[in-house]
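Here is upload.txt, consisting of compact mmCIF, C-alpha atoms and all ligand atoms:
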# COMPACT_ATOMS: atom_id res chain seq x y z
CA MET O 1 8.04 -3.34 -32.17
CA SER O 2 5.09 -1.60 -30.47
CA SER O 3 4.98 2.12 -29.64
CA TYR O 4 2.90 3.85 -26.96
CA ASP O 5 2.55 7.28 -25.41
CA VAL O 6 3.14 5.74 -21.98
CA ILE O 7 4.35 2.35 -20.73
CA ILE O 8 3.50 1.58 -17.11
CA VAL O 9 5.63 -1.13 -15.50
CA GLY O 10 3.53 -2.92 -12.85
CA ALA O 11 -0.21 -3.55 -12.54
CA GLY O 12 -0.70 -2.89 -8.80
CA PRO O 13 -2.93 -0.05 -7.56
CA ALA O 14 -0.42 2.61 -8.70
CA GLY O 15 0.04 1.26 -12.23
CA ALA O 16 -3.62 0.36 -12.77
CA THR O 17 -4.81 3.76 -11.52
CA LEU O 18 -2.36 5.61 -13.75
CA GLY O 19 -3.55 3.50 -16.68
CA TYR O 20 -7.18 4.32 -15.87
CA GLU O 21 -6.44 8.05 -15.61
CA LEU O 22 -4.38 8.20 -18.82
CA GLY O 23 -6.68 5.91 -20.82
CA ARG O 24 -9.57 8.24 -20.02
CA ARG O 25 -7.48 11.12 -21.36
CA GLY O 26 -7.24 9.31 -24.72
CA LEU O 27 -3.56 8.35 -24.53
CA ALA O 28 -2.08 5.13 -25.95
CA VAL O 29 -1.02 3.24 -22.82
CA LEU O 30 0.48 -0.19 -22.16
CA ILE O 31 0.68 -1.81 -18.73
CA LEU O 32 3.46 -4.42 -18.53
CA GLU O 33 3.07 -6.85 -15.61
CA LYS O 34 5.45 -9.71 -14.82
CA GLU O 35 2.78 -11.89 -13.17
CA LYS O 36 -0.35 -13.30 -14.77
CA ILE O 37 -3.33 -11.21 -13.59
CA PRO O 38 -5.01 -11.87 -11.16
CA ARG O 39 -1.92 -12.39 -8.97
CA TYR O 40 -1.42 -12.87 -5.21
CA LYS O 41 0.05 -9.87 -3.37
CA PRO O 42 1.17 -10.16 0.27
CA CYS O 43 -0.95 -7.46 1.89
CA ALA O 44 -3.37 -7.09 4.78
CA GLY O 45 -5.83 -5.83 2.17
CA GLY O 46 -7.17 -2.88 4.16
CA ILE O 47 -8.60 -0.13 1.95
CA THR O 48 -9.20 2.85 4.23
CA SER O 49 -12.29 4.95 3.63
CA ARG O 50 -10.04 7.80 2.53
CA ALA O 51 -8.42 5.52 -0.09
CA LEU O 52 -11.82 4.34 -1.30
CA SER O 53 -12.97 7.95 -1.67
CA LEU O 54 -10.28 8.44 -4.34
CA LEU O 55 -11.99 5.94 -6.66
CA ASP O 56 -14.97 6.90 -8.81
CA PHE O 57 -16.29 3.33 -9.07
CA ASP O 58 -17.76 0.77 -6.72
CA ILE O 59 -15.60 -1.94 -5.10
CA SER O 60 -18.37 -3.85 -3.32
CA ALA O 61 -17.94 -6.87 -5.66
CA VAL O 62 -14.43 -7.41 -4.23
CA THR O 63 -15.07 -6.27 -0.64
CA GLU O 64 -15.00 -9.30 1.68
CA ARG O 65 -15.74 -7.53 4.96
CA ILE O 66 -16.07 -4.01 6.33
CA ALA O 67 -14.45 -2.93 9.61
CA TYR O 68 -16.29 -0.40 11.75
CA GLY O 69 -13.91 -0.75 14.65
CA VAL O 70 -10.48 -1.78 15.87
CA ARG O 71 -9.43 -4.29 18.55
CA ILE O 72 -6.26 -2.72 19.91
CA MET O 73 -3.96 -5.09 21.81
CA TYR O 74 -0.91 -4.45 23.96
CA GLN O 75 1.54 -7.37 23.78
CA PHE O 76 -1.51 -9.69 23.34
CA SER O 77 -2.09 -9.39 27.09
CA ASP O 78 -4.41 -6.42 27.30
CA GLU O 79 -6.96 -5.25 24.73
CA PHE O 80 -9.92 -3.00 24.08
CA ILE O 81 -12.32 -2.40 21.19
CA LYS O 82 -13.27 0.99 19.76
CA ARG O 83 -16.05 1.33 17.20
CA HIS O 84 -17.28 4.01 14.83
CA LYS O 85 -20.66 4.52 13.18
CA GLU O 86 -19.20 4.74 9.66
CA PRO O 87 -17.07 2.13 7.83
CA LEU O 88 -13.36 2.65 8.57
CA VAL O 89 -11.62 0.00 6.47
CA TYR O 90 -12.82 -2.14 3.54
CA LEU O 91 -11.19 -5.58 3.55
CA VAL O 92 -10.20 -7.11 0.23
CA MET O 93 -7.98 -9.80 -1.22
CA ARG O 94 -5.48 -7.90 -3.32
CA SER O 95 -5.69 -10.41 -6.18
CA LYS O 96 -9.34 -9.40 -6.71
CA PHE O 97 -9.03 -5.69 -5.85
CA ASP O 98 -6.02 -5.14 -8.12
CA HIS O 99 -7.71 -7.14 -10.89
CA LEU O 100 -10.74 -4.83 -10.67
CA LEU O 101 -8.49 -1.77 -11.01
CA VAL O 102 -6.77 -3.31 -14.05
CA GLN O 103 -10.16 -4.09 -15.62
CA LYS O 104 -11.15 -0.43 -15.14
CA ALA O 105 -7.94 0.62 -16.92
CA GLN O 106 -8.67 -1.81 -19.76
CA GLU O 107 -12.22 -0.47 -20.06
CA ALA O 108 -10.61 2.98 -20.44
CA GLY O 109 -8.72 1.66 -23.48
CA VAL O 110 -5.41 0.61 -21.88
CA SER O 111 -3.54 -2.45 -23.22
CA LEU O 112 -2.25 -5.06 -20.77
CA VAL O 113 0.62 -7.45 -21.40
CA ASP O 114 0.84 -9.70 -18.34
CA GLY O 115 3.17 -12.56 -17.51
CA VAL O 116 6.01 -10.55 -19.10
CA ARG O 117 8.77 -8.97 -17.02
CA ALA O 118 10.31 -5.62 -17.96
CA ASP O 119 14.05 -6.27 -17.71
CA GLU O 120 15.84 -3.15 -18.90
CA LEU O 121 15.29 0.47 -19.89
CA GLU O 122 17.11 2.27 -22.66
CA ILE O 123 16.77 6.03 -23.14
CA THR O 124 16.35 6.80 -26.87
CA ALA O 125 16.04 9.99 -28.93
CA SER O 126 12.25 9.64 -29.04
CA GLY O 127 11.66 8.42 -25.48
CA VAL O 128 12.32 5.16 -23.65
CA LYS O 129 12.69 1.56 -24.81
CA VAL O 130 11.56 -1.14 -22.37
CA MET O 131 13.24 -4.52 -22.92
CA THR O 132 11.34 -7.71 -22.18
CA PRO O 133 11.81 -11.41 -23.04
CA GLU O 134 9.04 -10.85 -25.63
CA GLY O 135 11.01 -8.07 -27.31
CA PRO O 136 11.25 -4.29 -26.84
CA PHE O 137 8.36 -1.84 -26.34
CA ASN O 138 8.75 1.90 -27.03
CA ALA O 139 7.09 4.85 -25.32
CA LYS O 140 7.53 8.58 -24.92
CA VAL O 141 7.15 8.24 -21.14
CA VAL O 142 7.68 5.31 -18.75
CA ALA O 143 6.12 5.06 -15.28
CA GLY O 144 7.75 2.71 -12.77
CA ALA O 145 4.88 1.30 -10.71
CA ASP O 146 6.81 -1.90 -10.11
CA GLY O 147 6.73 -1.96 -6.34
CA ALA O 148 9.24 -2.01 -3.51
CA LYS O 149 12.07 -3.72 -5.40
CA GLY O 150 11.31 -1.97 -8.67
CA MET O 151 13.57 -2.46 -11.68
CA VAL O 152 12.80 1.03 -13.04
CA ALA O 153 14.19 2.86 -9.98
CA LYS O 154 17.28 0.62 -9.98
CA ARG O 155 18.06 1.20 -13.66
CA LEU O 156 17.77 4.97 -13.16
CA GLY O 157 19.87 4.88 -9.99
CA LEU O 158 16.96 6.27 -7.92
CA MET O 159 15.81 5.36 -4.36
CA ARG O 160 19.22 3.85 -3.52
CA ASP O 161 19.35 5.14 0.05
CA VAL O 162 15.68 4.79 0.87
CA GLU O 163 14.90 3.65 4.42
CA LEU O 164 13.28 0.20 4.51
CA GLY O 165 10.64 -1.41 6.64
CA ILE O 166 9.83 -5.10 6.37
CA ALA O 167 6.63 -7.06 6.87
CA ILE O 168 5.63 -10.73 6.96
CA GLU O 169 2.13 -11.63 5.87
CA ALA O 170 0.32 -14.95 6.42
CA GLU O 171 -3.08 -16.08 5.18
CA VAL O 172 -4.48 -18.36 7.90
CA SER O 173 -7.57 -20.51 8.21
CA VAL O 174 -9.16 -20.53 11.66
CA THR O 175 -12.36 -22.03 13.05
CA GLN O 176 -15.63 -20.28 12.13
CA ASP O 177 -16.04 -19.13 15.77
CA LYS O 178 -12.60 -17.51 15.74
CA LEU O 179 -13.33 -15.88 12.39
CA GLU O 180 -16.57 -14.39 13.67
CA ASP O 181 -14.70 -12.94 16.70
CA TRP O 182 -13.31 -10.50 14.15
CA ASP O 183 -16.61 -9.60 12.51
CA SER O 184 -16.61 -5.86 11.59
CA LEU O 185 -13.24 -5.40 13.33
CA ILE O 186 -9.57 -5.27 12.48
CA GLY O 187 -6.91 -6.01 15.10
CA LEU O 188 -3.63 -4.27 15.90
CA ASP O 189 -1.02 -5.21 18.53
CA TYR O 190 1.68 -2.88 19.85
CA GLY O 191 4.54 -2.80 22.32
CA GLN O 192 6.52 -5.89 21.28
CA ILE O 193 8.96 -4.48 18.70
CA PRO O 194 10.18 -0.85 18.57
CA ASP O 195 8.46 0.91 15.63
CA GLY O 196 6.66 -2.34 14.77
CA TYR O 197 3.23 -3.87 15.14
CA ALA O 198 1.11 -6.92 14.32
CA TRP O 199 -2.27 -6.99 12.56
CA VAL O 200 -5.29 -9.22 12.06
CA PHE O 201 -7.45 -8.33 9.05
CA PRO O 202 -10.38 -10.73 8.57
CA LYS O 203 -11.48 -11.83 5.11
CA LYS O 204 -14.58 -13.77 4.06
CA ASP O 205 -13.22 -17.23 4.96
CA HIS O 206 -9.85 -16.66 6.67
CA LEU O 207 -7.63 -14.13 8.46
CA SER O 208 -4.83 -12.10 6.86
CA VAL O 209 -2.34 -11.63 9.68
CA GLY O 210 1.15 -10.21 9.83
CA VAL O 211 3.89 -8.32 11.58
CA GLY O 212 6.01 -5.41 10.44
CA GLY O 213 8.89 -3.28 11.66
CA PRO O 214 12.20 -1.68 10.71
CA VAL O 215 14.44 -3.82 8.53
CA HIS O 216 17.25 -3.99 11.15
CA LEU O 217 14.82 -5.81 13.49
CA SER O 218 13.78 -8.37 10.85
CA LYS O 219 15.11 -11.28 12.98
CA ARG O 220 12.52 -10.47 15.65
CA LEU O 221 9.59 -10.57 13.24
CA LYS O 222 9.20 -14.34 12.77
CA PRO O 223 9.06 -15.06 16.54
CA TYR O 224 6.56 -12.19 16.83
CA LEU O 225 4.42 -13.74 14.08
CA GLU O 226 4.57 -17.10 15.89
CA ARG O 227 3.32 -15.44 19.09
CA LEU O 228 0.50 -13.81 17.11
CA LEU O 229 -0.53 -17.17 15.62
CA GLN O 230 -0.47 -18.82 19.05
CA HIS O 231 -2.64 -16.00 20.35
CA LEU O 232 -5.20 -16.74 17.61
CA GLY O 233 -5.46 -20.41 18.66
CA GLU O 234 -5.86 -23.26 16.17
CA TYR O 235 -4.81 -22.27 12.66
CA ASP O 236 -3.59 -23.45 9.27
CA ILE O 237 -1.24 -21.32 7.16
CA THR O 238 -1.87 -21.19 3.41
CA ASP O 239 0.58 -18.43 2.39
CA LEU O 240 3.55 -16.89 4.23
CA THR O 241 5.53 -14.11 2.54
CA GLY O 242 7.98 -11.37 3.52
CA HIS O 243 8.03 -8.04 1.73
CA LEU O 244 10.03 -4.78 1.88
CA MET O 245 8.37 -1.42 2.55
CA PRO O 246 10.41 1.58 1.30
CA LEU O 247 9.86 4.88 3.14
CA ARG O 248 10.67 7.99 1.09
CA ARG O 249 11.84 11.30 2.53
CA ARG O 250 10.95 14.68 1.00
CA GLY O 251 13.15 15.71 -1.91
CA MET O 252 14.30 12.17 -2.76
CA ALA O 253 14.32 11.96 -6.59
CA ILE O 254 11.37 10.04 -8.08
CA GLN O 255 11.64 11.38 -11.62
CA ARG O 256 14.41 11.53 -14.17
CA GLY O 257 13.99 12.62 -17.80
CA ASN O 258 10.97 10.88 -19.30
CA VAL O 259 10.59 8.39 -16.43
CA LEU O 260 8.83 8.71 -13.08
CA LEU O 261 8.09 6.45 -10.11
CA LEU O 262 4.77 5.83 -8.35
CA GLY O 263 3.47 4.09 -5.23
CA ASP O 264 5.87 1.69 -3.47
CA ALA O 265 8.46 2.20 -6.21
CA ALA O 266 8.60 5.83 -5.01
CA GLY O 267 8.64 4.81 -1.32
CA LEU O 268 5.18 6.27 -0.66
CA ILE O 269 4.13 4.21 2.37
CA HIS O 270 2.93 5.63 5.66
CA PRO O 271 5.67 5.02 8.27
CA LEU O 272 3.23 4.62 11.18
CA THR O 273 0.42 2.54 9.66
CA GLY O 274 2.04 0.85 6.66
CA GLU O 275 -0.81 2.15 4.50
CA GLY O 276 0.37 2.26 0.88
CA ILE O 277 -2.70 1.79 -1.32
CA TYR O 278 -3.93 5.34 -0.67
CA TYR O 279 -0.53 6.73 -1.68
CA ALA O 280 -0.25 4.43 -4.72
CA ILE O 281 -3.58 5.74 -6.03
CA ARG O 282 -2.86 9.37 -5.09
CA SER O 283 0.59 9.36 -6.70
CA ALA O 284 -0.95 8.00 -9.92
CA GLN O 285 -3.62 10.69 -9.82
CA LEU O 286 -0.92 13.35 -9.38
CA ALA O 287 1.20 11.90 -12.20
CA ALA O 288 -1.60 11.63 -14.79
CA PRO O 289 -2.20 15.37 -15.48
CA VAL O 290 1.56 16.04 -15.49
CA ILE O 291 2.17 13.27 -18.06
CA ALA O 292 -0.82 14.27 -20.20
CA GLY O 293 0.29 17.93 -20.15
CA ALA O 294 3.89 17.03 -20.96
CA LEU O 295 2.86 14.92 -23.96
CA HIS O 296 1.01 17.90 -25.43
CA ALA O 297 4.02 20.22 -25.02
CA ASP O 298 6.98 20.56 -27.41
CA THR O 299 9.41 18.99 -24.95
CA ILE O 300 8.52 16.50 -22.24
CA ASN O 301 9.03 17.81 -18.71
CA LEU O 302 7.82 15.71 -15.77
CA LYS O 303 9.44 17.73 -12.97
CA ASP O 304 6.09 19.02 -11.69
CA TYR O 305 5.22 15.48 -10.59
CA GLN O 306 7.90 15.32 -7.90
CA GLN O 307 6.91 18.78 -6.71
CA ALA O 308 3.26 17.68 -6.49
CA VAL O 309 4.22 14.62 -4.42
CA ASP O 310 6.39 16.73 -2.12
CA SER O 311 3.74 19.38 -1.61
CA GLN O 312 0.64 17.16 -1.44
CA LEU O 313 1.71 13.81 0.02
CA MET O 314 4.88 14.22 2.04
CA HIS O 315 3.36 16.26 4.86
CA GLY O 316 1.13 13.35 5.92
CA LEU O 317 4.02 10.87 5.66
CA GLU O 318 6.32 13.12 7.70
CA GLU O 319 3.65 13.56 10.35
CA GLY O 320 3.33 9.76 10.50
CA ARG O 321 7.08 9.41 11.01
CA ALA O 322 7.02 11.98 13.83
CA ILE O 323 4.06 10.31 15.57
CA LEU O 324 5.77 6.90 15.26
CA LYS O 325 8.84 8.29 17.01
CA ILE O 326 6.80 9.69 19.89
CA PHE O 327 4.57 6.61 20.10
CA SER O 328 7.54 4.20 20.18
CA GLN O 329 8.99 5.87 23.25
CA SER O 330 6.02 4.86 25.34
CA PRO O 331 3.58 2.50 23.58
CA ARG O 332 1.86 1.55 26.84
CA PHE O 333 1.10 5.21 27.61
CA TYR O 334 -0.46 5.75 24.15
CA PHE O 335 -2.36 2.44 24.36
CA ASP O 336 -3.96 3.70 27.58
CA LEU O 337 -4.52 7.14 26.05
CA VAL O 338 -6.51 5.76 23.09
CA LYS O 339 -8.33 3.37 25.44
CA GLY O 340 -9.41 6.18 27.74
CA SER O 341 -10.01 9.01 25.30
CA ASP O 342 -12.88 9.16 22.84
CA ILE O 343 -11.43 12.40 21.47
CA VAL O 344 -8.16 10.69 20.44
CA TRP O 345 -10.18 7.82 18.94
CA MET O 346 -12.31 10.31 17.00
CA HIS O 347 -9.14 11.88 15.54
CA ILE O 348 -7.97 8.43 14.38
CA CYS O 349 -11.38 7.76 12.78
CA GLN O 350 -11.32 11.12 11.00
CA ALA O 351 -7.88 10.38 9.58
CA LEU O 352 -9.01 6.95 8.30
CA LEU O 353 -12.08 8.58 6.77
CA GLY O 354 -10.00 11.31 5.13
CA ALA O 355 -11.80 14.05 7.04
CA ARG O 356 -8.42 15.31 8.27
CA PRO O 357 -5.73 15.73 5.59
CA ALA O 358 -3.06 13.98 7.64
CA PHE O 359 -2.34 12.63 11.18
CA VAL O 360 -2.24 8.84 10.63
C1 LIG D 401 2.55 -7.39 4.39
C2 LIG D 401 2.00 -6.09 3.88
C3 LIG D 401 0.74 -5.66 4.26
C4 LIG D 401 0.22 -4.45 3.76
N1 LIG D 401 -1.05 -4.08 4.11
C5 LIG D 401 -1.58 -2.93 3.60
C6 LIG D 401 -2.93 -2.56 3.90
O1 LIG D 401 -3.67 -3.25 4.58
N2 LIG D 401 -3.39 -1.39 3.38
C7 LIG D 401 -2.61 -0.57 2.60
O2 LIG D 401 -3.07 0.49 2.17
N3 LIG D 401 -1.34 -0.93 2.28
C8 LIG D 401 -0.82 -2.09 2.75
N4 LIG D 401 0.45 -2.47 2.40
C9 LIG D 401 1.19 -1.65 1.42
C10 LIG D 401 0.65 -1.95 0.01
O3 LIG D 401 0.64 -3.34 -0.22
C11 LIG D 401 1.50 -1.25 -1.05
O4 LIG D 401 1.76 0.06 -0.65
C12 LIG D 401 0.79 -1.25 -2.41
O5 LIG D 401 0.69 -2.57 -2.90
C13 LIG D 401 1.57 -0.38 -3.40
O6 LIG D 401 1.02 -0.52 -4.68
P1 LIG D 401 1.95 -0.40 -5.97
O7 LIG D 401 1.03 -0.45 -7.13
O8 LIG D 401 2.87 0.73 -5.82
O9 LIG D 401 2.89 -1.70 -5.94
P2 LIG D 401 2.51 -3.24 -5.96
O10 LIG D 401 1.15 -3.47 -5.46
O11 LIG D 401 3.65 -3.94 -5.29
O12 LIG D 401 2.52 -3.61 -7.51
C14 LIG D 401 3.71 -3.66 -8.24
C15 LIG D 401 3.48 -4.57 -9.43
O13 LIG D 401 4.62 -4.50 -10.29
C16 LIG D 401 4.90 -5.79 -10.79
N5 LIG D 401 6.31 -5.80 -11.20
C17 LIG D 401 7.40 -5.73 -10.40
N6 LIG D 401 8.52 -5.76 -11.14
C18 LIG D 401 8.13 -5.84 -12.44
C19 LIG D 401 8.85 -5.90 -13.68
N7 LIG D 401 10.18 -5.87 -13.72
N8 LIG D 401 8.14 -5.99 -14.82
C20 LIG D 401 6.77 -6.01 -14.79
N9 LIG D 401 6.05 -5.96 -13.64
C21 LIG D 401 6.72 -5.87 -12.48
C22 LIG D 401 4.59 -6.70 -9.61
O14 LIG D 401 4.36 -8.03 -10.02
C23 LIG D 401 3.33 -6.03 -9.05
O15 LIG D 401 2.15 -6.56 -9.62
C24 LIG D 401 0.99 -3.66 2.89
C25 LIG D 401 2.27 -4.08 2.51
C26 LIG D 401 2.77 -5.28 2.99
C27 LIG D 401 4.14 -5.72 2.56
Serialized structure, C-alpha cells:
Amino acid sequence: MSSYDVIIVGAGPAGATLGYELGRRGLAVLILEKEKIPRYKPCAGGITSRALSLLDFDISAVTERIAYGVRIMYQFSDEFIKRHKEPLVYLVMRSKFDHLLVQKAQEAGVSLVDGVRADELEITASGVKVMTPEGPFNAKVVAGADGAKGMVAKRLGLMRDVELGIAIEAEVSVTQDKLEDWDSLIGLDYGQIPDGYAWVFPKKDHLSVGVGGPVHLSKRLKPYLERLLQHLGEYDITDLTGHLMPLRRRGMAIQRGNVLLLGDAAGLIHPLTGEGIYYAIRSAQLAAPVIAGALHADTINLKDYQQAVDSQLMHGLEEGRAILKIFSQSPRFYFDLVKGSDIVWMHICQALLGARPAFV
C-alpha cells in the first residue's frame, strides 16, 4: 500500500494545478485519474487572458488560435463583431492543455496513476484511504478535483443541493473558408433560451461549438444545437457530448475533515459565461498554501480554504449570477447596448483580461 501527503483525485486543471503547487513545496503527492492521459474533455477550450495570467509557464505549444474579438449574434439573425488590441481568449484542445498541466506537476515531482478510478474514501486515524481497483492508497489529505459528478463530494455528502447548468459540446469539421471566417474571433449567440447561449470556438482544423443553459431547459438544448449547426452551413460532427455544470453558492461546504473540493467538484463555474478553468486554477492555488500549512501543524485543519474561496472567488461568481438575471430579462436590449457602446465593450475586455477583479 502506498502512502502520500496528499492524494488528488482528478487530473483536470484543478487537480494538475494543485499537484504543481504542492510538488513545488516538496510534498509527496499522487494524482489519481480514471482516464488515460491525454484524455478528451468536452469543453469549448477558451482560456481567458486572466486565466492564463495565473500560470507561470508558457502554453503556446498547445494554443491552437488566439481570439482578439467576439462575433456576438442574436438568435443567429443579427450579429456584430467587436475587437480588442490585446488577446482576449487563447483557444486550446483540453486534451493537450490538461496534459501540459499534468506534465508540469510531474516535473515538480508529483506521481501520476492514470487509467485508475478512485471508487471510495475511508477516513482513517492517520488520514484518508482512497480505494481503487488497483488497491488502496493512503494520504493525510485528499483533494477532490474530480469534476462535476465527483465521487469525493458524493462520498462526503457535499454539494447535494448545488444548482446545475448543462451544456452540449460538439467538435465539427467545416470547410476551410468557413473555418477562416472565425480567424481571431470567438462567437456567442443569445436570446434563444432563457439564461442560455451558444458558442463557436475555432481550433486549428475544426470548430468547437456548443449550447448551454439551466438543467430544467435541457430538452431545448439539442434543437438549439441543431439550429447552430445549420447556421454554420456544411459540417461533420466528430464528437458530441453533454456535461453538467454545478454552480456553487457562498457558504456551501467544500471541505470536511482532511478532504477538500476544487474546481468543478466545488461548483466553481461562472454562471454567466460558463468559464471554469480560471476558477479551477484559482481554487487550487488557494488550497495549496492551506494544505501545506496544515501538514506542518500538529493537527490538520483545512477550514481556511473554504473561507478563502468565499472571500476571494465568490464575489465574482455572485456578480455573474446577478448580471445573468438582468441580462435574461431583455437580451435584445443588452445585445444592442454592447453593439452600440464601446465603453461596455471595454468593460467586458477588461474582465476577460483580469484588469477588473470581477464583472464577467
Ligand atoms: C461544454 C463545456 C464547455 C466549456 N467551455 C469552457 C471554456 O471555454 N472555458 C472555461 O474556462 N471553462 C469552460 N468550461 C468549464 C470547464 O470545462 C471546467 O470548469 C473545468 O474543466 C474544470 O476543471 P476541473 O479540473 O475542476 O475538472 P475536470 O476538467 O472535469 O477534471 C476532472 C477530472 O477528474 C477525473 N475523474 C472524475 N472522477 C474520477 C474518479 N472517480 N477517479 C479518478 N479520476 C476521476 C476526470 O476524468 C477528469 O479528468 C466548459 C464546460 C463545458 C461542459
- Counting all atoms listed in the file, what residues are within 7 Å of ligand LIG 401 (chain D), given as a ChimeraX atom specification? /O:9-15,32-35,41-48,116-119,145-148,150-151,166-169,210,242-245,262-265,269,274-278,280
- Message: Could you check the closest approach to O:Leu295 for each of O:Lys96, O:Arg83, O:Val141, O:Gln103 and tell me which residue wins, using all atoms listed in the file?
- Response: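 Answer, going by the shortest atom-to-atom distance: O:Val141.
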- Neighbours of O:Met93 within 12 Å (only C-alpha atoms; same-chain residues fewer than 4 positions away dropped), as a list of chain:residue names?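 Skipping anything fewer than 4 positions along the chain leaves O:Pro38, O:Arg39, O:Tyr40, O:Lys41, O:Pro42, O:Cys43, O:Ala44, O:Gly45, O:Gly46, O:Ile47, O:Ile59, O:Ala61, O:Val62, O:Thr63, O:Glu64, O:Arg65, O:Phe97, O:Asp98, O:His99, O:Leu100, O:Glu171, O:Phe201, O:Pro202, O:Lys203, O:Lys204, O:Asp205, O:His206, O:Leu207, O:Ser208.
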Just the selected residues (C-alpha atoms), exported as a compact mmCIF listing (two decimals), in the frame of the given file, please.
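Written out: part-v3.txt:
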# COMPACT_ATOMS: atom_id res chain seq x y z
CA PRO O 38 -5.01 -11.87 -11.16
CA ARG O 39 -1.92 -12.39 -8.97
CA TYR O 40 -1.42 -12.87 -5.21
CA LYS O 41 0.05 -9.87 -3.37
CA PRO O 42 1.17 -10.16 0.27
CA CYS O 43 -0.95 -7.46 1.89
CA ALA O 44 -3.37 -7.09 4.78
CA GLY O 45 -5.83 -5.83 2.17
CA GLY O 46 -7.17 -2.88 4.16
CA ILE O 47 -8.60 -0.13 1.95
CA ILE O 59 -15.60 -1.94 -5.10
CA ALA O 61 -17.94 -6.87 -5.66
CA VAL O 62 -14.43 -7.41 -4.23
CA THR O 63 -15.07 -6.27 -0.64
CA GLU O 64 -15.00 -9.30 1.68
CA ARG O 65 -15.74 -7.53 4.96
CA PHE O 97 -9.03 -5.69 -5.85
CA ASP O 98 -6.02 -5.14 -8.12
CA HIS O 99 -7.71 -7.14 -10.89
CA LEU O 100 -10.74 -4.83 -10.67
CA GLU O 171 -3.08 -16.08 5.18
CA PHE O 201 -7.45 -8.33 9.05
CA PRO O 202 -10.38 -10.73 8.57
CA LYS O 203 -11.48 -11.83 5.11
CA LYS O 204 -14.58 -13.77 4.06
CA ASP O 205 -13.22 -17.23 4.96
CA HIS O 206 -9.85 -16.66 6.67
CA LEU O 207 -7.63 -14.13 8.46
CA SER O 208 -4.83 -12.10 6.86
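Excluding O:Thr299 and any residue on its chain fewer than 5 positions from it, the residues at most 12 Å away by all atoms listed in the file are Ala125, Ser126, Gly127, Lys140, Val141, Gly257, Asn258, Ile291, Gly293 and Ala294 of chain O.
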- Query: Which residue gives the smallest distance to O:Gly135 among O:His270, O:Val110, O:Tyr4, O:Glu120, with all atoms listed in the file counted?
  - Reply: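 Closest residue, counting all atoms listed in the file: O:Glu120.
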- Item | Contacts of stretch 341-358 of chain O within 6 Å, all atoms listed in the file, excl. fewer than 5 positions in-chain, as an MDAnalysis selection string | chainID O and resid 48:50 316
- Query: O:Ala139, O:Leu158, O:Leu286, O:Leu101: which is nearest O:Asp58, counting all atoms listed in the file?
  - Reply: O:Leu101
- Task: For each of O:Ile300, O:Ala153, O:Ile31, O:Val215, take the minimum atom-to-atom distance to O:Ala105, counting all atoms listed in the file, then give the residue where this is smallest.
- Result: O:Ile31
Since the input lacks some atoms of stretch 3-13 of chain O, please model N, CA, C and O atoms and print them as a CSV table (one decimal), in the frame of the given file.
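Writing done, so here's selection06.csv:
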chain,number,residue,atom,x,y,z
O,3,SER,N,4.7,0.8,-30.2
O,3,SER,CA,5.0,2.1,-29.6
O,3,SER,C,3.8,2.7,-28.9
O,3,SER,O,2.6,2.6,-29.4
O,4,TYR,N,4.0,3.3,-27.8
O,4,TYR,CA,2.9,3.8,-27.0
O,4,TYR,C,3.3,5.3,-26.5
O,4,TYR,O,4.4,5.7,-26.5
O,5,ASP,N,2.3,6.0,-26.1
O,5,ASP,CA,2.6,7.3,-25.4
O,5,ASP,C,3.2,7.0,-24.1
O,5,ASP,O,4.2,7.6,-23.7
O,6,VAL,N,2.6,6.0,-23.3
O,6,VAL,CA,3.1,5.7,-22.0
O,6,VAL,C,3.2,4.2,-21.8
O,6,VAL,O,2.2,3.5,-22.1
O,7,ILE,N,4.3,3.7,-21.2
O,7,ILE,CA,4.4,2.4,-20.7
O,7,ILE,C,4.4,2.4,-19.2
O,7,ILE,O,5.2,3.2,-18.6
O,8,ILE,N,3.5,1.7,-18.6
O,8,ILE,CA,3.5,1.6,-17.1
O,8,ILE,C,4.0,0.2,-16.7
O,8,ILE,O,3.5,-0.8,-17.2
O,9,VAL,N,5.1,0.2,-15.9
O,9,VAL,CA,5.6,-1.1,-15.5
O,9,VAL,C,5.0,-1.5,-14.1
O,9,VAL,O,5.3,-0.8,-13.2
O,10,GLY,N,4.2,-2.5,-14.1
O,10,GLY,CA,3.5,-2.9,-12.8
O,10,GLY,C,2.0,-2.6,-12.8
O,10,GLY,O,1.6,-1.5,-13.1
O,11,ALA,N,1.3,-3.7,-12.5
O,11,ALA,CA,-0.2,-3.6,-12.5
O,11,ALA,C,-0.8,-3.6,-11.1
O,11,ALA,O,-1.9,-4.2,-10.9
O,12,GLY,N,-0.1,-3.0,-10.1
O,12,GLY,CA,-0.7,-2.9,-8.8
O,12,GLY,C,-1.6,-1.7,-8.8
O,12,GLY,O,-1.9,-1.1,-9.9
O,13,PRO,N,-2.0,-1.2,-7.6
O,13,PRO,CA,-2.9,0.0,-7.6
O,13,PRO,C,-2.3,1.2,-8.2
O,13,PRO,O,-3.1,2.0,-8.8
